Amino acid sequence: MRIAVYGASGYTGRLVVAELARRGLDVLLVGRDPERLRLAATEAGAPGAAVRVAGLDEPAALAEALRGSDGVISCVAPFTVHGEPVLRAAIAARCHYVDISGEQPHTKYVHDAFGVEAERAGITVLPAATDDGVPADLLAHLTAARVAPVDALVIAHRLSGGTMSRGTLNSMLANITAFTGGGLSFVDGQWLADADGVPTSLVFPGDAAPVEVAGLAAPELPGIPRHLPARLVTAVVEREFLARLSAVAAAEVVASLPEGPDAEQRADSGFVLVADAVGVDGRRARGVLTGVDVYGSTALIAVESIRRLVADGAKPGVLAPAEAFDPADFLGFLTRHGVRWSVTG
Ligand SMILES: NC(=O)c1ccc[n+]([C@@H]2O[C@H](COP(=O)([O-])OP(=O)(O)OC[C@H]3O[C@@H](n4cnc5c(N)ncnc54)[C@H](OP(=O)(O)O)[C@@H]3O)[C@@H](O)[C@H]2O)c1
């Protein structure tokens, strides 16, 4: 199985290359700078890996670079600026596609605009194959099943420790309106900003008291209504997270920061996902998932996602994770890598 990585020279791209090599998969590094790609291959522990050079403004060369690969993992940043050419090249080269976008405007665009083309090409496209994007969707699906038919589903995100990479911060800055505006919610079949019913406080697992939360432009949200019919689907994050984002909300500040967290900071970082579902009859269920090492988990999840799409197959088109994978089986895989999850109610 050959998997191409576009943006392989980046901070997360190198972790993805390392994970592919660790899994014994044939990896191809693709990007615009051959020297940076070769250096990345060596740093990622895959010094003999194949390298192909293709810029984002060269559609034919980009498709040619991906031809022959079974799948591609896109690790460019920001996705709203640079994401589309890689997806178009994957469709042209007929190879399955996942990306590691955390940008809701990008994931919504992919769901809205590329379903038919992906179906015609016979490939599966899955945006937001990240530490939170895939688990949040799968957890939402399993939690909602407990109380279906569902009236409302709220996904809450919490990040702890660690720091963010420059690529992540630049991607947030490129989408600052979406992030500070609270993102979109799915309400009565429509995507709305400033929707009614978004919680303003929430008790996270292990906390004695509620904390203030605000709407989050969560990247997994656009996929969820595909498999989970509900009156309201929305996402929130601790207000404190948005305050931290404001503190670095300037390109000069981001440029002065390290490329990304070092190994110690990565080990220190963790994420918590909560899925609160309320049935139309008022029954409630809560799913909770915790994980460590945001960037390492993203590499693991992106690689496992593309591996499953290639090895096990899924229907062609743009899919949400719960449509492409068996939710409990995928989460079971993650429990062997530090993830804990449960659903009660
Ligand atoms: N949970 C999450 O939501 C989550 C977790 C992890 C990562 N992410 C996302 O993953 C993305 C990557 O993050 P990162 O920290 O790895 O970023 P990064 O270190 O800045 O890497 C970006 C990559 O994109 C390439 N690139 C940028 N502009 C390009 C252009 N015009 N033409 C060709 N290649 C270009 C860079 O290539 P060069 O080396 O040639 O510059 C580099 O390989 C971000 O959007 C981040 O938000 C999300």
# chains A, B, ... in the order shown; residues from 1 in each chain; ligands from 1

$ residues_near_ligand --ligand "ligand 1" --cutoff "8 Å" --atoms "only C-alpha atoms and all ligand atoms" --output "short mmCIF file (atom, residue, chain, number, x, y, z; two decimals) with C-alpha atoms, in the first residue's frame"
data_model
loop_
_atom_site.label_atom_id
_atom_site.label_comp_id
_atom_site.auth_asym_id
_atom_site.auth_seq_id
_atom_site.Cartn_x
_atom_site.Cartn_y
_atom_site.Cartn_z
CA TYR A 6 1.48 16.32 0.69
CA GLY A 7 3.07 18.91 2.97
CA ALA A 8 5.33 16.17 4.26
CA SER A 9 7.99 18.75 5.18
CA GLY A 10 5.74 20.42 7.77
CA TYR A 11 5.61 19.83 11.51
CA THR A 12 2.66 17.40 11.42
CA GLY A 13 3.58 16.10 7.96
CA ARG A 14 6.82 14.71 9.40
CA GLY A 31 5.72 19.01 -1.74
CA ARG A 32 7.27 22.05 -3.37
CA ASP A 33 10.83 21.87 -2.01
CA ARG A 36 13.02 20.08 2.68
CA LEU A 37 11.28 16.85 1.66
CA ALA A 54 4.93 19.42 -7.33
CA GLY A 55 3.68 22.87 -6.43
CA LEU A 56 0.08 23.67 -5.63
CA ASP A 57 -0.12 25.89 -8.72
CA CYS A 75 -0.90 18.17 5.67
CA VAL A 76 -0.72 21.63 4.07
CA ALA A 77 -1.60 24.76 6.02
CA PRO A 78 -3.86 26.66 6.03
CA PHE A 79 -6.41 24.44 4.28
CA HIS A 82 -3.92 25.80 0.13
CA ASP A 99 -6.63 15.66 5.41
CA ILE A 100 -5.76 16.97 8.85
CA SER A 101 -7.71 20.19 8.64
CA GLY A 102 -8.98 21.85 11.80
CA GLU A 103 -10.75 24.55 9.76
CA ALA A 128 -10.53 16.41 9.43
CA THR A 130 -7.33 14.58 13.29
CA ASP A 131 -7.05 13.85 17.01
CA ASP A 132 -10.45 15.45 17.55
CA GLY A 133 -12.16 15.33 14.13
CA MET A 164 0.17 24.65 19.25
CA SER A 165 2.30 24.47 16.11
CA ARG A 166 2.90 27.55 13.96
CA GLY A 167 0.92 25.83 11.19
CA THR A 168 -2.06 25.41 13.52
CA LEU A 169 -1.90 29.01 14.68
CA ASN A 170 -1.55 30.30 11.11
CA SER A 171 -4.55 28.19 10.11
CA MET A 172 -6.57 29.64 12.97
CA PRO A 219 -14.11 20.86 11.82
CA GLU A 259 7.68 25.36 14.85
CA GLY A 260 5.71 23.16 17.21
CA VAL A 294 -2.54 16.06 20.14
CA TYR A 295 -0.08 15.99 17.21
CA THR A 298 -3.41 13.28 14.69
CA ALA A 299 -0.66 11.42 12.82
#

$ closest_residue --among "A:Pro34, A:Gly71, A:Pro105, A:Gly48" --to "Arg2 (chain A)" --atoms "only C-alpha atoms"
A:Gly71

$ residues_around --residues "region 155-159 of chain A" --least-positions-apart "4" --cutoff "6 Å" --atoms "only C-alpha atoms" --output "short mmCIF file (atom, residue, chain, number, x, y, z; two decimals) with all heavy atoms, in the first residue's frame"
data_model
loop_
_atom_site.label_atom_id
_atom_site.label_comp_id
_atom_site.auth_asym_id
_atom_site.auth_seq_id
_atom_site.Cartn_x
_atom_site.Cartn_y
_atom_site.Cartn_z
N ALA A 235 -21.23 22.70 18.47
CA ALA A 235 -19.99 22.37 19.20
C ALA A 235 -19.57 23.59 20.03
O ALA A 235 -19.81 24.73 19.63
CB ALA A 235 -18.88 22.00 18.23
N VAL A 236 -18.96 23.31 21.17
CA VAL A 236 -18.49 24.38 22.04
C VAL A 236 -17.07 24.07 22.52
O VAL A 236 -16.60 22.94 22.43
CB VAL A 236 -19.41 24.57 23.28
CG1 VAL A 236 -20.79 25.05 22.87
CG2 VAL A 236 -19.49 23.29 24.12
N VAL A 237 -16.43 25.11 23.04
CA VAL A 237 -15.09 24.97 23.63
C VAL A 237 -15.05 25.88 24.85
O VAL A 237 -15.84 26.83 24.94
CB VAL A 237 -14.01 25.35 22.60
CG1 VAL A 237 -14.05 26.85 22.28
CG2 VAL A 237 -12.62 24.95 23.04
N GLY A 270 -3.06 17.11 26.10
CA GLY A 270 -4.17 16.16 26.13
C GLY A 270 -5.42 16.79 25.57
O GLY A 270 -5.51 18.02 25.42
N PHE A 271 -6.38 15.95 25.22
CA PHE A 271 -7.66 16.47 24.73
C PHE A 271 -8.80 15.68 25.33
O PHE A 271 -8.68 14.49 25.61
CB PHE A 271 -7.72 16.47 23.19
CG PHE A 271 -7.41 15.12 22.55
CD1 PHE A 271 -8.43 14.27 22.15
CD2 PHE A 271 -6.10 14.73 22.33
CE1 PHE A 271 -8.15 13.04 21.56
CE2 PHE A 271 -5.80 13.50 21.75
CZ PHE A 271 -6.83 12.66 21.36
N VAL A 272 -9.90 16.40 25.55
CA VAL A 272 -11.12 15.78 26.08
C VAL A 272 -12.24 16.13 25.11
O VAL A 272 -12.37 17.28 24.69
CB VAL A 272 -11.46 16.35 27.48
CG1 VAL A 272 -12.75 15.72 28.01
CG2 VAL A 272 -10.32 16.15 28.45
N LEU A 273 -13.04 15.14 24.77
CA LEU A 273 -14.22 15.37 23.93
C LEU A 273 -15.43 14.86 24.68
O LEU A 273 -15.40 13.76 25.25
CB LEU A 273 -14.08 14.60 22.61
CG LEU A 273 -12.95 15.06 21.70
CD1 LEU A 273 -12.64 14.01 20.63
CD2 LEU A 273 -13.31 16.39 21.05
N VAL A 274 -16.48 15.66 24.67
CA VAL A 274 -17.74 15.26 25.31
C VAL A 274 -18.83 15.33 24.25
O VAL A 274 -18.89 16.30 23.48
CB VAL A 274 -18.08 16.22 26.48
CG1 VAL A 274 -19.44 15.87 27.08
CG2 VAL A 274 -16.99 16.18 27.55
N ALA A 275 -19.67 14.32 24.19
CA ALA A 275 -20.85 14.38 23.31
C ALA A 275 -22.08 14.25 24.21
O ALA A 275 -22.26 13.23 24.87
CB ALA A 275 -20.81 13.25 22.29
#

$ atom_distance --atom1 "CA of Val30 (chain A)" --atom2 "CA of Val51 (chain A)"
5.9 Å

$ closest_atom_pairs --of "region 211-253 of chain A" --to "region 193-204 of chain A" --cutoff "6 Å" --atoms "only C-alpha atoms" --output "tab-separated table"
residue	atom	partner	partner_atom	distance
A:Val211	CA	A:Ser201	CA	5.3
A:Glu212	CA	A:Ser201	CA	4.3
A:Val213	CA	A:Thr200	CA	5.0
A:Ala214	CA	A:Thr200	CA	5.8

$ write_last_selection --atoms "N, CA, C and O atoms" --output "PDB file, in the first residue's frame"
ATOM      1  N   VAL A 211     -18.030  25.204  33.634  1.00  0.00           N
ATOM      2  CA  VAL A 211     -17.146  26.279  33.147  1.00  0.00           C
ATOM      3  C   VAL A 211     -17.862  26.969  32.001  1.00  0.00           C
ATOM      4  O   VAL A 211     -18.746  26.393  31.364  1.00  0.00           O
ATOM      5  N   GLU A 212     -17.440  28.200  31.737  1.00  0.00           N
ATOM      6  CA  GLU A 212     -18.038  28.943  30.623  1.00  0.00           C
ATOM      7  C   GLU A 212     -17.548  28.377  29.297  1.00  0.00           C
ATOM      8  O   GLU A 212     -16.336  28.122  29.132  1.00  0.00           O
ATOM      9  N   VAL A 213     -18.456  28.172  28.368  1.00  0.00           N
ATOM     10  CA  VAL A 213     -18.089  27.697  27.028  1.00  0.00           C
ATOM     11  C   VAL A 213     -18.695  28.626  25.977  1.00  0.00           C
ATOM     12  O   VAL A 213     -19.621  29.388  26.273  1.00  0.00           O
ATOM     13  N   ALA A 214     -18.125  28.545  24.778  1.00  0.00           N
ATOM     14  CA  ALA A 214     -18.639  29.358  23.672  1.00  0.00           C
ATOM     15  C   ALA A 214     -18.641  28.497  22.421  1.00  0.00           C
ATOM     16  O   ALA A 214     -17.925  27.491  22.342  1.00  0.00           O
TER      17      ALA A 214
END

$ select_by_dssp --residues "region 120-320 of chain A" --states "alpha helix (DSSP H)" --output "ChimeraX atom specification"
/A:120-121,133-147,166-174,176-181,239-247,251-255,263-268,294-311

$ closest_residue --among "A:Phe325, A:Phe114, A:Lys108, A:Asp268" --to "Glu304 (chain A)" --atoms "only C-alpha atoms"
A:Phe325

$ residues_around --residues "Thr335 (chain A)" --least-positions-apart "6" --cutoff "12 Å" --atoms "only C-alpha atoms" --output "ChimeraX atom specification"
/A:135,289-292,297,300-301,328-329,341-342

$ closest_residue --among "A:Ala40, A:Leu126, A:Ala113, A:Val154" --to "Ser305 (chain A)" --atoms "only C-alpha atoms"
A:Leu126

$ atom_distance --atom1 "CA of Ala144 (chain A)" --atom2 "CA of Pro229 (chain A)"
9.4 Å

$ atom_distance --atom1 "CA of Ala250 (chain A)" --atom2 "CA of Leu87 (chain A)"
28.6 Å

$ select_by_dssp --residues "region 204-326 of chain A" --states "strand (DSSP E or B)" --output "tab-separated table (two decimals) with all heavy atoms, in the first residue's frame"
chain	number	residue	atom	x	y	z
A	211	VAL	N	-18.03	25.20	33.63
A	211	VAL	CA	-17.15	26.28	33.15
A	211	VAL	C	-17.86	26.97	32.00
A	211	VAL	O	-18.75	26.39	31.36
A	211	VAL	CB	-15.78	25.75	32.67
A	211	VAL	CG1	-14.97	25.18	33.81
A	211	VAL	CG2	-15.95	24.74	31.55
A	212	GLU	N	-17.44	28.20	31.74
A	212	GLU	CA	-18.04	28.94	30.62
A	212	GLU	C	-17.55	28.38	29.30
A	212	GLU	O	-16.34	28.12	29.13
A	212	GLU	CB	-17.64	30.41	30.69
A	212	GLU	CG	-18.49	31.21	31.67
A	212	GLU	CD	-18.16	32.68	31.53
A	212	GLU	OE1	-18.22	33.22	30.40
A	212	GLU	OE2	-17.83	33.28	32.56
A	213	VAL	N	-18.46	28.17	28.37
A	213	VAL	CA	-18.09	27.70	27.03
A	213	VAL	C	-18.69	28.63	25.98
A	213	VAL	O	-19.62	29.39	26.27
A	213	VAL	CB	-18.57	26.24	26.79
A	213	VAL	CG1	-17.86	25.26	27.69
A	213	VAL	CG2	-20.09	26.12	26.92
A	214	ALA	N	-18.13	28.55	24.78
A	214	ALA	CA	-18.64	29.36	23.67
A	214	ALA	C	-18.64	28.50	22.42
A	214	ALA	O	-17.92	27.49	22.34
A	214	ALA	CB	-17.74	30.57	23.47
A	215	GLY	N	-19.42	28.92	21.42
A	215	GLY	CA	-19.52	28.17	20.16
A	215	GLY	C	-18.14	27.98	19.55
A	215	GLY	O	-17.30	28.87	19.56
A	232	LEU	N	-30.81	19.95	16.36
A	232	LEU	CA	-29.66	20.82	16.62
A	232	LEU	C	-28.38	19.99	16.74
A	232	LEU	O	-28.34	19.01	17.49
A	232	LEU	CB	-29.88	21.58	17.94
A	232	LEU	CG	-28.68	22.39	18.47
A	232	LEU	CD1	-28.40	23.60	17.57
A	232	LEU	CD2	-28.93	22.85	19.90
A	233	VAL	N	-27.35	20.38	15.99
A	233	VAL	CA	-26.01	19.81	16.17
A	233	VAL	C	-25.05	20.98	16.27
A	233	VAL	O	-24.99	21.83	15.37
A	233	VAL	CB	-25.59	18.90	14.98
A	233	VAL	CG1	-24.19	18.32	15.22
A	233	VAL	CG2	-26.60	17.77	14.76
A	234	THR	N	-24.32	21.05	17.38
A	234	THR	CA	-23.44	22.20	17.59
A	234	THR	C	-22.21	21.77	18.39
A	234	THR	O	-22.13	20.64	18.88
A	234	THR	CB	-24.22	23.33	18.31
A	234	THR	OG1	-23.45	24.52	18.26
A	234	THR	CG2	-24.54	22.99	19.75
A	235	ALA	N	-21.23	22.70	18.47
A	235	ALA	CA	-19.99	22.37	19.20
A	235	ALA	C	-19.57	23.59	20.03
A	235	ALA	O	-19.81	24.73	19.63
A	235	ALA	CB	-18.88	22.00	18.23
A	236	VAL	N	-18.96	23.31	21.17
A	236	VAL	CA	-18.49	24.38	22.04
A	236	VAL	C	-17.07	24.07	22.52
A	236	VAL	O	-16.60	22.94	22.43
A	236	VAL	CB	-19.41	24.57	23.28
A	236	VAL	CG1	-20.79	25.05	22.87
A	236	VAL	CG2	-19.49	23.29	24.12
A	237	VAL	N	-16.43	25.11	23.04
A	237	VAL	CA	-15.09	24.97	23.63
A	237	VAL	C	-15.05	25.88	24.85
A	237	VAL	O	-15.84	26.83	24.94
A	237	VAL	CB	-14.01	25.35	22.60
A	237	VAL	CG1	-14.05	26.85	22.28
A	237	VAL	CG2	-12.62	24.95	23.04
A	238	GLU	N	-14.12	25.59	25.76
A	238	GLU	CA	-13.98	26.48	26.92
A	238	GLU	C	-13.67	27.89	26.43
A	238	GLU	O	-12.81	28.08	25.56
A	238	GLU	CB	-12.83	26.00	27.79
A	238	GLU	CG	-13.20	24.88	28.71
A	238	GLU	CD	-11.99	24.45	29.51
A	238	GLU	OE1	-11.10	23.82	28.92
A	238	GLU	OE2	-11.94	24.76	30.70
A	270	GLY	N	-3.06	17.11	26.10
A	270	GLY	CA	-4.17	16.16	26.13
A	270	GLY	C	-5.42	16.79	25.57
A	270	GLY	O	-5.51	18.02	25.42
A	271	PHE	N	-6.38	15.95	25.22
A	271	PHE	CA	-7.66	16.47	24.73
A	271	PHE	C	-8.80	15.68	25.33
A	271	PHE	O	-8.68	14.49	25.61
A	271	PHE	CB	-7.72	16.47	23.19
A	271	PHE	CG	-7.41	15.12	22.55
A	271	PHE	CD1	-8.43	14.27	22.15
A	271	PHE	CD2	-6.10	14.73	22.33
A	271	PHE	CE1	-8.15	13.04	21.56
A	271	PHE	CE2	-5.80	13.50	21.75
A	271	PHE	CZ	-6.83	12.66	21.36
A	272	VAL	N	-9.90	16.40	25.55
A	272	VAL	CA	-11.12	15.78	26.08
A	272	VAL	C	-12.24	16.13	25.11
A	272	VAL	O	-12.37	17.28	24.69
A	272	VAL	CB	-11.46	16.35	27.48
A	272	VAL	CG1	-12.75	15.72	28.01
A	272	VAL	CG2	-10.32	16.15	28.45
A	273	LEU	N	-13.04	15.14	24.77
A	273	LEU	CA	-14.22	15.37	23.93
A	273	LEU	C	-15.43	14.86	24.68
A	273	LEU	O	-15.40	13.76	25.25
A	273	LEU	CB	-14.08	14.60	22.61
A	273	LEU	CG	-12.95	15.06	21.70
A	273	LEU	CD1	-12.64	14.01	20.63
A	273	LEU	CD2	-13.31	16.39	21.05
A	274	VAL	N	-16.48	15.66	24.67
A	274	VAL	CA	-17.74	15.26	25.31
A	274	VAL	C	-18.83	15.33	24.25
A	274	VAL	O	-18.89	16.30	23.48
A	274	VAL	CB	-18.08	16.22	26.48
A	274	VAL	CG1	-19.44	15.87	27.08
A	274	VAL	CG2	-16.99	16.18	27.55
A	275	ALA	N	-19.67	14.32	24.19
A	275	ALA	CA	-20.85	14.38	23.31
A	275	ALA	C	-22.08	14.25	24.21
A	275	ALA	O	-22.26	13.23	24.87
A	275	ALA	CB	-20.81	13.25	22.29
A	276	ASP	N	-22.87	15.32	24.27
A	276	ASP	CA	-24.11	15.30	25.04
A	276	ASP	C	-25.28	15.20	24.07
A	276	ASP	O	-25.48	16.10	23.25
A	276	ASP	CB	-24.24	16.58	25.88
A	276	ASP	CG	-23.41	16.52	27.15
A	276	ASP	OD1	-23.20	15.40	27.67
A	276	ASP	OD2	-22.97	17.58	27.63
A	277	ALA	N	-26.04	14.11	24.19
A	277	ALA	CA	-27.18	13.92	23.28
A	277	ALA	C	-28.47	13.90	24.09
A	277	ALA	O	-28.52	13.30	25.18
A	277	ALA	CB	-27.03	12.62	22.50
A	278	VAL	N	-29.49	14.55	23.57
A	278	VAL	CA	-30.82	14.53	24.20
A	278	VAL	C	-31.80	14.00	23.16
A	278	VAL	O	-31.85	14.49	22.03
A	278	VAL	CB	-31.26	15.95	24.63
A	278	VAL	CG1	-32.61	15.88	25.36
A	278	VAL	CG2	-30.21	16.61	25.50
A	279	GLY	N	-32.55	12.97	23.56
A	279	GLY	CA	-33.54	12.39	22.65
A	279	GLY	C	-34.78	13.27	22.56
A	279	GLY	O	-35.00	14.15	23.41
A	284	ARG	N	-31.28	11.35	28.09
A	284	ARG	CA	-29.96	11.95	27.88
A	284	ARG	C	-28.88	10.88	27.87
A	284	ARG	O	-28.97	9.90	28.61
A	284	ARG	CB	-29.63	12.92	29.04
A	284	ARG	CG	-30.44	14.17	28.98
A	284	ARG	CD	-30.22	15.07	30.18
A	284	ARG	NE	-31.06	16.25	30.04
A	284	ARG	CZ	-30.71	17.34	29.36
A	284	ARG	NH1	-29.51	17.42	28.83
A	284	ARG	NH2	-31.54	18.35	29.24
A	285	ALA	N	-27.86	11.10	27.06
A	285	ALA	CA	-26.67	10.24	27.06
A	285	ALA	C	-25.44	11.13	26.94
A	285	ALA	O	-25.50	12.20	26.33
A	285	ALA	CB	-26.73	9.25	25.90
A	286	ARG	N	-24.36	10.69	27.57
A	286	ARG	CA	-23.10	11.44	27.47
A	286	ARG	C	-21.97	10.50	27.06
A	286	ARG	O	-21.76	9.45	27.66
A	286	ARG	CB	-22.78	12.11	28.80
A	286	ARG	CG	-21.39	12.75	28.82
A	286	ARG	CD	-21.14	13.63	30.02
A	286	ARG	NE	-21.48	15.01	29.72
A	286	ARG	CZ	-20.95	16.08	30.35
A	286	ARG	NH1	-20.06	15.91	31.32
A	286	ARG	NH2	-21.30	17.31	30.02
A	287	GLY	N	-21.25	10.89	26.02
A	287	GLY	CA	-20.04	10.18	25.63
A	287	GLY	C	-18.84	11.02	26.03
A	287	GLY	O	-18.86	12.25	25.89
A	288	VAL	N	-17.81	10.36	26.54
A	288	VAL	CA	-16.59	11.07	26.96
A	288	VAL	C	-15.40	10.34	26.36
A	288	VAL	O	-15.34	9.10	26.40
A	288	VAL	CB	-16.46	11.09	28.50
A	288	VAL	CG1	-15.13	11.70	28.92
A	288	VAL	CG2	-17.61	11.86	29.12
A	289	LEU	N	-14.46	11.11	25.81
A	289	LEU	CA	-13.25	10.51	25.25
A	289	LEU	C	-12.06	11.38	25.65
A	289	LEU	O	-12.14	12.61	25.58
A	289	LEU	CB	-13.38	10.44	23.73
A	289	LEU	CG	-12.23	9.79	22.97
A	289	LEU	CD1	-12.77	9.01	21.75
A	289	LEU	CD2	-11.18	10.79	22.51
A	290	THR	N	-11.01	10.73	26.11
A	290	THR	CA	-9.79	11.48	26.45
A	290	THR	C	-8.60	10.89	25.70
A	290	THR	O	-8.57	9.68	25.42
A	290	THR	CB	-9.48	11.42	27.97
A	290	THR	OG1	-9.28	10.04	28.33
A	290	THR	CG2	-10.59	12.01	28.80
A	291	GLY	N	-7.66	11.74	25.37
A	291	GLY	CA	-6.47	11.28	24.68
A	291	GLY	C	-5.28	12.14	25.03
A	291	GLY	O	-5.44	13.22	25.63
A	292	VAL	N	-4.10	11.67	24.66
A	292	VAL	CA	-2.88	12.43	24.94
A	292	VAL	C	-2.17	12.71	23.62
A	292	VAL	O	-2.43	12.06	22.61
A	292	VAL	CB	-1.92	11.64	25.87
A	292	VAL	CG1	-2.49	11.54	27.27
A	292	VAL	CG2	-1.62	10.26	25.31
A	317	GLY	N	-17.20	8.98	-2.39
A	317	GLY	CA	-17.85	10.25	-2.07
A	317	GLY	C	-17.12	10.91	-0.92
A	317	GLY	O	-16.06	10.44	-0.49
A	318	VAL	N	-17.68	12.02	-0.45
A	318	VAL	CA	-17.12	12.66	0.75
A	318	VAL	C	-17.89	12.10	1.94
A	318	VAL	O	-19.12	12.21	1.99
A	318	VAL	CB	-17.28	14.19	0.70
A	318	VAL	CG1	-16.69	14.82	1.96
A	318	VAL	CG2	-16.59	14.76	-0.54

$ closest_residue --among "A:Pro127, A:Gly115, A:Gly24, A:Pro258" --to "Val72 (chain A)" --atoms "only C-alpha atoms"
A:Pro127

$ closest_residue --among "A:Phe179, A:Leu228, A:Val253, A:Pro316" --to "Thr143 (chain A)" --atoms "only C-alpha atoms"
A:Leu228

$ closest_residue --among "A:Gly223, A:Asp293, A:Gly282, A:Leu138" --to "Gln265 (chain A)" --atoms "only C-alpha atoms"
A:Asp293

$ residues_around --residues "Ala89 (chain A)" --least-positions-apart "4" --cutoff "8 Å" --atoms "only C-alpha atoms" --output "MDAnalysis selection string"
chainID A and resid 59:60 62:63 66 85 93
